[in-house]
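Reproduced below: entry.tsv, with TSV, C-alpha atoms and all ligand atoms.
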chain	number	residue	atom	x	y	z
A	11	MET	CA	27.84	47.96	53.61
A	12	ARG	CA	28.04	44.52	51.98
A	13	PRO	CA	30.76	44.25	49.28
A	14	ARG	CA	29.38	43.96	45.75
A	15	PRO	CA	29.43	40.39	44.42
A	16	ARG	CA	32.30	39.85	41.92
A	17	SER	CA	30.03	39.03	39.00
A	18	TRP	CA	32.97	38.67	36.51
A	19	ILE	CA	34.63	35.81	38.40
A	20	VAL	CA	32.30	33.04	37.22
A	21	PRO	CA	32.55	33.67	33.45
A	22	VAL	CA	36.34	34.18	33.64
A	23	LEU	CA	36.79	30.89	35.50
A	24	ALA	CA	34.59	29.12	32.96
A	25	LEU	CA	36.69	30.54	30.12
A	26	LEU	CA	39.92	29.41	31.75
A	27	VAL	CA	38.59	25.91	32.28
A	28	THR	CA	37.82	25.71	28.55
A	29	LEU	CA	40.97	27.37	27.19
A	30	VAL	CA	43.82	25.95	29.27
A	31	PRO	CA	43.44	22.31	28.17
A	32	ALA	CA	42.90	23.39	24.56
A	33	LEU	CA	46.12	25.45	24.53
A	34	ALA	CA	48.08	22.70	26.27
A	35	LEU	CA	46.84	20.17	23.73
A	36	SER	CA	47.84	22.30	20.77
A	37	ALA	CA	51.42	22.39	22.13
A	38	LEU	CA	51.68	18.61	22.40
A	39	PRO	CA	53.54	16.70	19.69
A	40	ARG	CA	51.23	14.70	17.46
A	41	PRO	CA	51.44	10.93	17.87
A	42	ALA	CA	53.49	9.23	15.15
A	43	GLY	CA	51.55	6.88	12.91
A	44	GLY	CA	48.17	8.38	13.81
A	45	PRO	CA	45.51	9.14	11.25
A	46	ALA	CA	46.49	11.85	8.76
A	47	GLU	CA	45.09	15.14	10.02
A	48	PRO	CA	44.97	16.99	6.71
A	49	ALA	CA	41.99	14.92	5.63
A	50	ALA	CA	40.11	16.16	8.67
A	51	ALA	CA	41.15	19.73	7.91
A	52	ALA	CA	39.94	19.35	4.33
A	53	ALA	CA	36.67	17.96	5.57
A	54	ALA	CA	36.26	21.08	7.69
A	55	GLY	CA	36.07	22.90	4.36
A	56	GLY	CA	38.52	25.04	2.41
A	57	ALA	CA	41.66	24.13	4.39
A	58	PRO	CA	44.79	23.37	2.37
A	59	ARG	CA	44.95	19.72	1.40
A	60	PRO	CA	48.04	17.58	1.07
A	61	GLU	CA	49.15	16.67	-2.42
A	62	ALA	CA	49.57	12.97	-1.59
A	63	ARG	CA	50.10	10.41	1.17
A	64	ASP	CA	52.48	7.48	1.67
A	65	VAL	CA	55.18	9.49	-0.06
A	66	VAL	CA	58.79	8.48	0.58
A	67	LEU	CA	60.58	10.91	-1.71
A	68	ALA	CA	59.66	14.10	-3.58
A	69	VAL	CA	61.59	16.47	-5.81
A	70	HIS	CA	61.04	19.91	-7.27
A	71	GLY	CA	62.44	21.48	-10.40
A	72	GLY	CA	61.82	25.08	-9.44
A	73	ALA	CA	59.07	27.64	-9.17
A	74	GLY	CA	58.43	30.59	-11.42
A	75	THR	CA	56.71	31.10	-14.71
A	76	ALA	CA	54.44	28.16	-15.42
A	77	LEU	CA	54.74	25.72	-18.27
A	78	ARG	CA	51.46	26.14	-20.17
A	79	ARG	CA	49.62	23.13	-21.56
A	80	GLU	CA	48.58	25.09	-24.69
A	81	SER	CA	52.10	26.12	-25.61
A	82	THR	CA	54.20	23.20	-24.38
A	83	GLY	CA	55.08	20.68	-27.06
A	84	ALA	CA	54.97	16.95	-26.37
A	85	ARG	CA	58.77	16.69	-26.46
A	86	THR	CA	59.27	19.45	-23.89
A	87	GLU	CA	56.61	17.98	-21.64
A	88	ARG	CA	58.27	14.55	-21.92
A	89	ALA	CA	61.71	15.99	-21.16
A	90	TYR	CA	60.55	17.66	-17.93
A	91	ARG	CA	58.55	14.66	-16.77
A	92	ASP	CA	61.39	12.28	-17.59
A	93	GLY	CA	63.89	14.53	-15.78
A	94	LEU	CA	61.81	14.59	-12.61
A	95	ALA	CA	61.03	10.86	-12.84
A	96	GLU	CA	64.69	9.95	-13.33
A	97	ALA	CA	65.58	11.86	-10.16
A	98	LEU	CA	62.74	10.16	-8.27
A	99	ARG	CA	63.91	6.72	-9.45
A	100	ALA	CA	67.49	7.46	-8.38
A	101	GLY	CA	66.42	8.57	-4.88
A	102	HIS	CA	63.90	5.77	-4.51
A	103	GLY	CA	66.51	3.22	-5.57
A	104	VAL	CA	68.70	4.35	-2.68
A	105	LEU	CA	65.81	3.96	-0.23
A	106	ARG	CA	64.86	0.52	-1.58
A	107	ARG	CA	68.41	-0.69	-1.09
A	108	GLY	CA	68.19	0.39	2.56
A	109	GLY	CA	70.00	3.70	2.13
A	110	ASP	CA	69.10	6.61	4.37
A	111	SER	CA	67.18	9.76	3.51
A	112	VAL	CA	70.36	11.86	3.19
A	113	ALA	CA	71.77	9.51	0.55
A	114	ALA	CA	68.38	9.50	-1.20
A	115	VAL	CA	68.04	13.29	-1.47
A	116	GLU	CA	71.65	13.59	-2.59
A	117	ALA	CA	71.11	10.98	-5.33
A	118	ALA	CA	67.92	12.66	-6.55
A	119	VAL	CA	69.40	16.16	-6.59
A	120	ARG	CA	72.55	15.00	-8.41
A	121	VAL	CA	70.39	13.72	-11.28
A	122	LEU	CA	68.66	17.10	-11.53
A	123	GLU	CA	72.00	18.93	-11.31
A	124	ASP	CA	73.25	16.89	-14.27
A	125	ASN	CA	70.15	17.70	-16.32
A	126	ALA	CA	70.59	20.93	-18.31
A	127	LEU	CA	66.86	21.69	-18.14
A	128	PHE	CA	67.18	22.72	-14.52
A	129	ASN	CA	68.89	25.68	-12.88
A	130	ALA	CA	71.40	23.73	-10.81
A	131	GLY	CA	74.72	22.21	-11.81
A	132	LYS	CA	74.75	21.91	-15.64
A	133	GLY	CA	72.26	24.50	-16.92
A	134	ALA	CA	72.73	26.92	-14.01
A	135	VAL	CA	71.77	30.52	-14.74
A	136	PHE	CA	74.28	33.33	-15.34
A	137	THR	CA	75.28	36.08	-12.95
A	138	GLU	CA	75.25	39.68	-14.20
A	139	ASP	CA	78.91	39.34	-15.23
A	140	ALA	CA	78.20	36.16	-17.20
A	141	GLY	CA	79.59	33.70	-14.68
A	142	HIS	CA	78.03	30.84	-12.74
A	143	GLU	CA	77.93	30.75	-8.93
A	144	LEU	CA	76.17	27.79	-7.38
A	145	ASP	CA	74.61	27.25	-3.96
A	146	ALA	CA	73.44	24.03	-2.29
A	147	SER	CA	72.57	22.59	1.09
A	148	VAL	CA	71.53	19.36	2.77
A	149	MET	CA	70.02	18.70	6.18
A	150	ARG	CA	69.57	15.50	8.20
A	151	GLY	CA	66.49	15.37	10.39
A	152	SER	CA	67.77	12.93	13.02
A	153	ASP	CA	70.26	15.33	14.60
A	154	LEU	CA	69.74	18.59	12.68
A	155	ALA	CA	73.17	18.19	11.07
A	156	ALA	CA	73.54	20.35	7.98
A	157	GLY	CA	76.06	21.23	5.31
A	158	ALA	CA	76.09	23.84	2.57
A	159	VAL	CA	78.19	25.57	-0.06
A	160	ALA	CA	77.65	29.03	-1.51
A	161	GLY	CA	79.05	30.71	-4.59
A	162	VAL	CA	81.01	27.71	-5.85
A	163	ARG	CA	82.20	27.98	-9.45
A	164	HIS	CA	83.88	24.66	-10.17
A	165	VAL	CA	81.80	21.94	-8.54
A	166	ARG	CA	79.77	19.77	-10.89
A	167	ASN	CA	77.44	18.52	-8.13
A	168	PRO	CA	77.21	21.16	-5.38
A	169	VAL	CA	74.81	18.98	-3.34
A	170	SER	CA	77.63	16.46	-2.85
A	171	ALA	CA	79.95	19.23	-1.70
A	172	ALA	CA	77.26	20.29	0.79
A	173	ARG	CA	77.06	16.73	2.12
A	174	LEU	CA	80.85	16.62	2.48
A	175	VAL	CA	80.74	19.86	4.50
A	176	MET	CA	78.15	18.23	6.76
A	177	GLU	CA	80.04	14.98	7.19
A	178	ARG	CA	83.70	16.01	7.11
A	179	THR	CA	83.91	19.44	8.73
A	180	ARG	CA	82.82	21.05	11.97
A	181	HIS	CA	81.12	23.81	9.99
A	182	VAL	CA	77.79	24.22	8.21
A	183	LEU	CA	78.46	26.61	5.32
A	184	LEU	CA	81.58	27.08	3.18
A	185	ALA	CA	81.68	29.79	0.53
A	186	GLY	CA	83.58	30.81	-2.58
A	187	GLU	CA	87.03	29.66	-3.67
A	188	ALA	CA	87.74	27.87	-0.41
A	189	ALA	CA	84.59	25.83	-0.86
A	190	ASP	CA	85.67	24.90	-4.41
A	191	ALA	CA	89.08	23.87	-3.07
A	192	PHE	CA	87.49	21.86	-0.22
A	193	ALA	CA	85.31	19.97	-2.71
A	194	ALA	CA	88.29	19.15	-4.93
A	195	ARG	CA	90.40	18.06	-1.94
A	196	ASN	CA	87.60	15.72	-0.93
A	197	GLY	CA	87.42	13.94	-4.24
A	198	LEU	CA	84.86	15.87	-6.30
A	199	THR	CA	86.24	16.33	-9.79
A	200	PRO	CA	86.44	20.04	-10.62
A	201	VAL	CA	84.82	21.44	-13.77
A	202	THR	CA	85.51	24.68	-15.62
A	203	GLN	CA	82.86	27.39	-15.86
A	204	ASP	CA	82.20	26.33	-19.48
A	205	TYR	CA	80.71	23.11	-18.18
A	206	PHE	CA	77.65	24.99	-16.91
A	207	TRP	CA	77.01	26.91	-20.14
A	208	THR	CA	73.72	26.45	-22.04
A	209	GLN	CA	72.25	28.51	-24.85
A	210	LYS	CA	68.92	28.79	-23.04
A	211	ARG	CA	70.47	30.40	-19.94
A	212	TRP	CA	72.60	32.69	-22.10
A	213	ASP	CA	69.48	33.91	-23.91
A	214	GLU	CA	67.79	34.49	-20.57
A	215	LEU	CA	70.72	36.62	-19.42
A	216	MET	CA	70.58	38.70	-22.62
A	217	LYS	CA	66.86	39.18	-22.16
A	218	ALA	CA	67.30	40.21	-18.54
A	219	LYS	CA	69.90	42.77	-19.55
A	220	GLN	CA	67.61	44.23	-22.20
A	221	THR	CA	64.87	44.57	-19.61
A	222	ARG	CA	67.31	46.42	-17.42
A	223	THR	CA	68.27	48.76	-20.23
A	224	ALA	CA	64.65	49.42	-21.10
A	225	THR	CA	63.43	50.14	-17.57
A	226	GLY	CA	66.57	51.29	-15.81
A	227	THR	CA	65.93	48.77	-13.05
A	228	PRO	CA	67.92	45.59	-12.53
A	229	ASP	CA	66.03	42.47	-13.47
A	230	ALA	CA	66.78	39.13	-11.90
A	231	SER	CA	64.50	36.22	-12.62
A	232	MET	CA	64.28	32.79	-11.11
A	233	THR	CA	63.39	29.43	-12.45
A	234	GLY	CA	64.52	25.82	-12.24
A	235	THR	CA	66.14	25.48	-8.80
A	236	VAL	CA	66.00	21.85	-7.65
A	237	GLY	CA	65.41	20.12	-4.35
A	238	ALA	CA	64.38	16.88	-2.69
A	239	VAL	CA	62.84	15.62	0.54
A	240	ALA	CA	62.85	12.01	1.71
A	241	LEU	CA	61.65	9.71	4.46
A	242	ASP	CA	63.61	6.49	4.98
A	243	GLY	CA	62.77	3.11	6.54
A	244	ARG	CA	63.90	4.32	9.97
A	245	ARG	CA	61.54	7.31	9.71
A	246	GLY	CA	64.51	9.59	9.13
A	247	LEU	CA	63.78	12.79	7.20
A	248	ALA	CA	66.22	14.74	5.03
A	249	ALA	CA	66.07	17.66	2.63
A	250	ALA	CA	68.41	19.12	0.00
A	251	THR	CA	68.31	22.09	-2.35
A	252	SER	CA	70.63	23.17	-5.18
A	253	THR	CA	70.58	26.19	-7.47
A	254	GLY	CA	72.40	28.53	-9.79
A	255	GLY	CA	70.42	31.32	-8.14
A	256	MET	CA	68.70	33.99	-10.17
A	257	THR	CA	69.51	35.08	-13.73
A	258	ASN	CA	71.50	38.32	-13.74
A	259	LYS	CA	72.10	38.22	-9.98
A	260	MET	CA	75.00	40.31	-8.67
A	261	ALA	CA	78.29	38.46	-8.37
A	262	GLY	CA	78.57	37.29	-4.79
A	263	ARG	CA	74.84	37.24	-4.19
A	264	VAL	CA	73.73	34.27	-2.10
A	265	GLY	CA	70.08	33.25	-1.94
A	266	ASP	CA	68.05	31.05	0.36
A	267	SER	CA	69.00	27.66	-1.10
A	268	PRO	CA	72.21	27.12	0.92
A	269	VAL	CA	70.76	28.61	4.10
A	270	VAL	CA	69.35	26.20	6.66
A	271	GLY	CA	65.91	27.35	7.80
A	272	ALA	CA	65.38	29.42	4.64
A	273	GLY	CA	65.75	27.13	1.61
A	274	THR	CA	66.15	23.78	3.38
A	275	TYR	CA	65.08	22.22	6.67
A	276	ALA	CA	64.55	18.74	8.11
A	277	LYS	CA	63.65	17.54	11.57
A	278	ASP	CA	62.67	13.97	12.39
A	279	GLY	CA	59.17	13.53	13.79
A	280	ASN	CA	58.26	16.78	12.11
A	281	VAL	CA	58.94	17.81	8.47
A	282	ALA	CA	61.51	18.00	5.69
A	283	ALA	CA	61.18	20.95	3.31
A	284	SER	CA	62.96	22.36	0.25
A	285	ALA	CA	62.04	25.76	-1.14
A	286	THR	CA	62.24	27.56	-4.46
A	287	GLY	CA	61.38	31.11	-5.37
A	288	GLN	CA	62.60	34.64	-4.72
A	289	GLY	CA	65.41	33.81	-2.36
A	290	GLU	CA	65.62	37.15	-0.58
A	291	VAL	CA	62.04	36.76	0.62
A	292	PHE	CA	62.58	33.15	1.69
A	293	LEU	CA	65.60	34.33	3.67
A	294	ARG	CA	63.75	37.22	5.35
A	295	GLY	CA	60.78	35.00	6.11
A	296	ALA	CA	62.97	32.13	7.43
A	297	ALA	CA	60.66	30.10	5.22
A	298	THR	CA	61.39	26.42	5.88
A	299	ALA	CA	62.15	26.90	9.59
A	300	THR	CA	58.86	28.78	9.98
A	301	LEU	CA	57.06	25.95	8.19
A	302	SER	CA	58.62	23.42	10.55
A	303	HIS	CA	57.81	25.52	13.62
A	304	LEU	CA	54.20	25.92	12.55
A	305	VAL	CA	53.96	22.12	12.54
A	306	GLU	CA	55.94	21.56	15.73
A	307	PHE	CA	54.75	24.44	17.88
A	308	GLY	CA	51.69	25.71	16.05
A	309	GLY	CA	49.89	22.38	15.82
A	310	MET	CA	49.36	22.73	12.06
A	311	ASP	CA	49.47	19.80	9.65
A	312	VAL	CA	52.11	19.92	6.91
A	313	ALA	CA	49.71	21.13	4.20
A	314	ALA	CA	48.36	24.00	6.33
A	315	ALA	CA	51.84	25.05	7.46
A	316	ALA	CA	53.32	24.99	3.95
A	317	HIS	CA	50.36	26.96	2.60
A	318	GLU	CA	50.57	29.48	5.44
A	319	VAL	CA	54.23	30.23	4.69
A	320	VAL	CA	54.28	30.16	0.90
A	321	VAL	CA	50.84	31.45	-0.03
A	322	ARG	CA	49.95	33.73	2.87
A	323	ARG	CA	53.13	35.07	4.48
A	324	LEU	CA	55.85	35.34	1.81
A	325	PRO	CA	53.80	37.31	-0.73
A	326	LYS	CA	53.33	39.96	1.97
A	327	LEU	CA	57.12	40.29	2.06
A	328	GLY	CA	57.07	40.92	-1.68
A	329	GLY	CA	57.97	37.55	-3.18
A	330	THR	CA	56.56	34.30	-4.44
A	331	GLY	CA	57.70	30.71	-4.86
A	332	GLY	CA	56.93	27.23	-3.68
A	333	VAL	CA	57.96	24.49	-1.33
A	334	ILE	CA	57.88	20.70	-1.19
A	335	ALA	CA	57.26	19.43	2.33
A	336	LEU	CA	57.03	15.90	3.68
A	337	ASP	CA	56.10	14.91	7.22
A	338	SER	CA	57.21	11.84	9.10
A	339	ARG	CA	53.99	9.99	8.21
A	340	GLY	CA	54.60	10.43	4.49
A	341	THR	CA	52.08	13.23	3.99
A	342	TYR	CA	53.29	15.46	1.17
A	343	ALA	CA	52.38	19.07	0.36
A	344	ALA	CA	53.59	21.20	-2.56
A	345	PRO	CA	51.96	24.64	-2.48
A	346	HIS	CA	53.23	27.57	-4.53
A	347	SER	CA	52.36	31.22	-4.83
A	348	SER	CA	54.32	31.55	-8.08
A	349	GLU	CA	52.53	30.81	-11.34
A	350	GLY	CA	53.92	27.29	-11.43
A	351	MET	CA	56.20	24.78	-9.73
A	352	LEU	CA	57.64	21.63	-11.25
A	353	HIS	CA	57.60	18.74	-8.84
A	354	GLY	CA	56.96	15.03	-8.42
A	355	TYR	CA	56.87	12.30	-5.84
A	356	VAL	CA	57.18	8.57	-5.37
A	357	THR	CA	55.04	6.59	-2.95
A	358	ALA	CA	56.14	3.69	-0.74
A	359	ASP	CA	54.85	1.19	-3.33
A	360	GLY	CA	56.96	2.81	-6.08
A	361	ARG	CA	54.26	4.85	-7.88
A	362	ILE	CA	55.85	7.87	-9.57
A	363	VAL	CA	53.82	11.02	-10.20
A	364	THR	CA	55.06	14.21	-11.88
A	365	ARG	CA	53.34	17.60	-11.88
A	366	ILE	CA	54.44	20.19	-14.39
A	367	PHE	CA	51.30	22.16	-15.29
A	368	PRO	CA	49.57	24.49	-12.81
A	369	ASP	CA	46.22	22.70	-13.23
A	370	GLU	CA	47.64	19.34	-12.07
A	371	ARG	CA	46.83	18.59	-8.45
A	372	GLY	CA	46.75	15.68	-6.07
A	373	ASP	CA	43.94	14.17	-3.96
B	1	LIG	N1	65.56	30.42	-4.47
B	1	LIG	C1	66.57	30.53	-5.48
B	1	LIG	C2	67.46	31.69	-5.15
B	1	LIG	O1	66.96	32.71	-4.77
B	1	LIG	C3	66.02	30.71	-6.85
B	1	LIG	C4	64.91	29.77	-7.27
B	1	LIG	O2	64.42	29.02	-6.46
B	1	LIG	O3	64.53	29.79	-8.44
B	1	LIG	O4	68.64	31.60	-5.34
Written as C-alpha cells, how would this file's structure read?
Amino acid sequence: MRPRPRSWIVPVLALLVTLVPALALSALPRPAGGPAEPAAAAAAGGAPRPEARDVVLAVHGGAGTALRRESTGARTERAYRDGLAEALRAGHGVLRRGGDSVAAVEAAVRVLEDNALFNAGKGAVFTEDAGHELDASVMRGSDLAAGAVAGVRHVRNPVSAARLVMERTRHVLLAGEAADAFAARNGLTPVTQDYFWTQKRWDELMKAKQTRTATGTPDASMTGTVGAVALDGRRGLAAATSTGGMTNKMAGRVGDSPVVGAGTYAKDGNVAASATGQGEVFLRGAATATLSHLVEFGGMDVAAAAHEVVVRRLPKLGGTGGVIALDSRGTYAAPHSSEGMLHGYVTADGRIVTRIFPDERGD
C-alpha cells in the first residue's frame, strides 16, 4: 500500500517561511536616527501617539486628581506652569552648557523639590504619624548605573543624595537614618522635618484621616511626585524621580520612586522613564523596566510601550498613574491612566511646553 501523502507539510512550511523572518526582525534593535515609528503606528489608526518629537528633557509633577480648567484660577494655573517651566529651564541650561543627562535630570528635579507645590522635598506629603519620609532615585543609561535613597527625613534634595549613592558608593539603594547620615557626610546640608511642612499637605492628611474614620479603611492618596528624563548631546539618556510618597502612608512604607525598574529606568539606545502613581502597583508591575523591555525586546515604539504599561497593564493590577518616557531619538510619550498628570518638555531648539489640564495633548 502506498503511504498517504503528507498533505499538512506544504502549508506548515509556507507558514514557517513567512513567520521566521518576521519574528527575527521584531527582535532586532531599531536603527538609531531612523524615521520616527510612532507616526507610522498612528497612521495605522488608533495606535498611541507620541506627545512630541525632538525632545531633550521632560519633567512631570505627578499624577492623580486632575486640575480642572473650570475650577482652576489663573494664579494657580500660572504657578504650576511656571514651576514646571523653571525646572525645564534648569535642566535645559545644563544640557546647553554641555552637561550630561544625569546632571540635567538632577537639576530639573531639584527645582521641583524646592517648589512647595509638588510632593517632593519642600511640600512633601505626611505619613500617618505626621512625619515626612522621602524617596528618590536616578539612573544613567550609558552603563545602567543607579542610585537611590528611601525614607530619608533630613535631606532637602533627595535626588542629589541618590546621585551621590550612585557616584560615591558601591551600592544602589540606601535607606533611613544611615542614608540621611550619608547625605550629610557627603556635603548635603541637613534640614529638620519642619522644613517640609506646608498647610496644604497638613490639610490633606487631616482629610485622609477623616476618610479613614468614616469608612474604617485606611486612605492613602497620591499626588505631586516629580521626575525628569533627558537626552544629552552624546545621546546619553537619564531618568530621575523624587517623592514624599502617599499622604497617610504607613511609617516605613517605600513606594516605586526609589526602585530602579519600577519608578525609574534609563538605558541608552532605548528609553528613559520616570513614573508617578500608586506605587505598590508600579512596583508589582515592574513598570519602567517593563516599558523599556517592550521597546527593546517587544519591538514597540516608546508611545505604544508606555501606553501598554500605564493604560492597559497597571489598571488590571488595581492602580493608576502615569509615566514620562523619552527614547534616544527624542520621541516623547506621557500617557496616564489617572485622571490627570502634570508634565512638560523642552525641545532641542529650546521650545518649552507645559501640560496641566487633561484635555491638553501633543501632536
Ligand atoms: N509613586 C509615588 C509613590 O507611590 C506616589 C506618586 O507618584 O504620587 O510613592
Write out as a CSV table (one decimal) with C-alpha atoms, in the frame of the given file each polymer residue (protein, DNA or RNA) that has an atom no more than 9 Å from ligand LIG 1 (chain B), with all atoms listed in the file counted.
chain,number,residue,atom,x,y,z
A,71,GLY,CA,62.4,21.5,-10.4
A,72,GLY,CA,61.8,25.1,-9.4
A,73,ALA,CA,59.1,27.6,-9.2
A,74,GLY,CA,58.4,30.6,-11.4
A,129,ASN,CA,68.9,25.7,-12.9
A,144,LEU,CA,76.2,27.8,-7.4
A,145,ASP,CA,74.6,27.2,-4.0
A,231,SER,CA,64.5,36.2,-12.6
A,232,MET,CA,64.3,32.8,-11.1
A,233,THR,CA,63.4,29.4,-12.4
A,234,GLY,CA,64.5,25.8,-12.2
A,235,THR,CA,66.1,25.5,-8.8
A,236,VAL,CA,66.0,21.8,-7.6
A,251,THR,CA,68.3,22.1,-2.4
A,252,SER,CA,70.6,23.2,-5.2
A,253,THR,CA,70.6,26.2,-7.5
A,254,GLY,CA,72.4,28.5,-9.8
A,255,GLY,CA,70.4,31.3,-8.1
A,256,MET,CA,68.7,34.0,-10.2
A,257,THR,CA,69.5,35.1,-13.7
A,259,LYS,CA,72.1,38.2,-10.0
A,263,ARG,CA,74.8,37.2,-4.2
A,264,VAL,CA,73.7,34.3,-2.1
A,265,GLY,CA,70.1,33.2,-1.9
A,266,ASP,CA,68.0,31.0,0.4
A,267,SER,CA,69.0,27.7,-1.1
A,268,PRO,CA,72.2,27.1,0.9
A,273,GLY,CA,65.8,27.1,1.6
A,285,ALA,CA,62.0,25.8,-1.1
A,286,THR,CA,62.2,27.6,-4.5
A,287,GLY,CA,61.4,31.1,-5.4
A,288,GLN,CA,62.6,34.6,-4.7
A,289,GLY,CA,65.4,33.8,-2.4
A,290,GLU,CA,65.6,37.2,-0.6
A,291,VAL,CA,62.0,36.8,0.6
A,292,PHE,CA,62.6,33.2,1.7
A,293,LEU,CA,65.6,34.3,3.7
A,331,GLY,CA,57.7,30.7,-4.9
A,332,GLY,CA,56.9,27.2,-3.7
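Distances here use only C-alpha atoms; by that measure, the residue among A:Leu174, A:Ala130, A:Val270, A:Ala238 closest to A:Ala97 is A:Ala238.
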Considering all atoms listed in the file, return as an NGL selection string whatever protein or nucleic-acid residues lie within 7 Å of A:Gly133, sequence-local ones (same chain, fewer than 5 positions apart) excluded.
:A and (126-128 or 206-208 or 211)
I need the residue nearest A:Leu336 from this list: A:Arg120, A:Lys219, A:Lys277, A:Arg163. Use only C-alpha atoms for the distance.
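Under the stated criterion, the closest residue is A:Lys277.
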Counting only C-alpha atoms, which residues of stretch 128-241 of chain A fall within 12 Å of stretch 355-359 of chain A, and what is the closest atom pair for each with its distance in Å at one decimal, ordered by chain and rising number, as CSV?
residue,atom,partner,partner_atom,distance
A:Gly237,CA,A:Tyr355,CA,11.7
A:Ala238,CA,A:Tyr355,CA,9.3
A:Val239,CA,A:Tyr355,CA,9.3
A:Ala240,CA,A:Tyr355,CA,9.6
A:Leu241,CA,A:Ala358,CA,9.7
How many Å lie between atom CA of A:Pro200 and atom CA of A:Leu94, rounded to one decimal?
25.3 Å
Mind checking which residues fall within 8 Å of A:Thr330, counting all atoms listed in the file, ignoring those fewer than 3 positions away in the same chain, and posting them as a PDB file with C-alpha atoms, in the frame of the given file?
ATOM      1  CA  GLY A 287      61.380  31.110  -5.370  1.00  0.00           C
ATOM      2  CA  GLN A 288      62.600  34.640  -4.720  1.00  0.00           C
ATOM      3  CA  VAL A 291      62.040  36.760   0.620  1.00  0.00           C
ATOM      4  CA  VAL A 320      54.280  30.160   0.900  1.00  0.00           C
ATOM      5  CA  VAL A 321      50.840  31.450  -0.030  1.00  0.00           C
ATOM      6  CA  LEU A 324      55.850  35.340   1.810  1.00  0.00           C
ATOM      7  CA  PRO A 325      53.800  37.310  -0.730  1.00  0.00           C
ATOM      8  CA  HIS A 346      53.230  27.570  -4.530  1.00  0.00           C
ATOM      9  CA  SER A 347      52.360  31.220  -4.830  1.00  0.00           C
ATOM     10  CA  SER A 348      54.320  31.550  -8.080  1.00  0.00           C
TER      11      SER A 348
END
Between A:His142, A:Arg361, A:Arg173, A:His317, single out the one closest to A:Gly157, counting only C-alpha atoms.
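Under the stated criterion, the closest residue is A:Arg173.
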List the spatial neighbours of A:Asp190 as a short mmCIF file (atom, residue, chain, number, x, y, z; two decimals) with C-alpha atoms, in the frame of the given file - criterion: any atom at most 12 Å away, all atoms listed in the file, same-chain residues fewer than 2 positions off excluded.
data_model
loop_
_atom_site.label_atom_id
_atom_site.label_comp_id
_atom_site.auth_asym_id
_atom_site.auth_seq_id
_atom_site.Cartn_x
_atom_site.Cartn_y
_atom_site.Cartn_z
CA GLU A 143 77.93 30.75 -8.93
CA LEU A 144 76.17 27.79 -7.38
CA ASP A 145 74.61 27.25 -3.96
CA ALA A 158 76.09 23.84 2.57
CA VAL A 159 78.19 25.57 -0.06
CA ALA A 160 77.65 29.03 -1.51
CA GLY A 161 79.05 30.71 -4.59
CA VAL A 162 81.01 27.71 -5.85
CA ARG A 163 82.20 27.98 -9.45
CA HIS A 164 83.88 24.66 -10.17
CA VAL A 165 81.80 21.94 -8.54
CA ARG A 166 79.77 19.77 -10.89
CA ASN A 167 77.44 18.52 -8.13
CA PRO A 168 77.21 21.16 -5.38
CA SER A 170 77.63 16.46 -2.85
CA ALA A 171 79.95 19.23 -1.70
CA ALA A 172 77.26 20.29 0.79
CA LEU A 174 80.85 16.62 2.48
CA VAL A 175 80.74 19.86 4.50
CA LEU A 184 81.58 27.08 3.18
CA ALA A 185 81.68 29.79 0.53
CA GLY A 186 83.58 30.81 -2.58
CA GLU A 187 87.03 29.66 -3.67
CA ALA A 188 87.74 27.87 -0.41
CA PHE A 192 87.49 21.86 -0.22
CA ALA A 193 85.31 19.97 -2.71
CA ALA A 194 88.29 19.15 -4.93
CA ARG A 195 90.40 18.06 -1.94
CA ASN A 196 87.60 15.72 -0.93
CA GLY A 197 87.42 13.94 -4.24
CA LEU A 198 84.86 15.87 -6.30
CA THR A 199 86.24 16.33 -9.79
CA PRO A 200 86.44 20.04 -10.62
CA VAL A 201 84.82 21.44 -13.77
CA THR A 202 85.51 24.68 -15.62
#
Find, counting all atoms listed in the file, the residue in A:Gly329, A:Gly360, A:Gly262, A:Gly308 that gets nearest to A:His102.
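Checking each of A:Gly329, A:Gly360, A:Gly262, A:Gly308 against A:His102, counting all atoms listed in the file, the winner is A:Gly360.
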The centre and edge lengths of an axis-aligned box containing all atoms of stretch 355-361 of chain A present in the file, extended by 6 Å on each side, are to be given in Å to one decimal, as AutoDock Vina command-line options.
--center_x 55.7 --center_y 6.7 --center_z -4.3 --size_x 14.9 --size_y 23.1 --size_z 19.1
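Between atom CA of A:Gly103 and atom CA of A:Pro368 the interatomic distance comes to 28.1 Å.
Atom CA of A:Arg63 is positioned 23.4 Å from atom CA of A:Arg322.
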Might you pull out every residue within 8 Å of A:Asp337, with all atoms listed in the file counted and same-chain residues fewer than 3 positions away left off, and present them as a list in words?
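That gives Leu247, Gly279, Asn280, Val281, Ala282, Val312, Gly340, Thr341 and Tyr342 of chain A.
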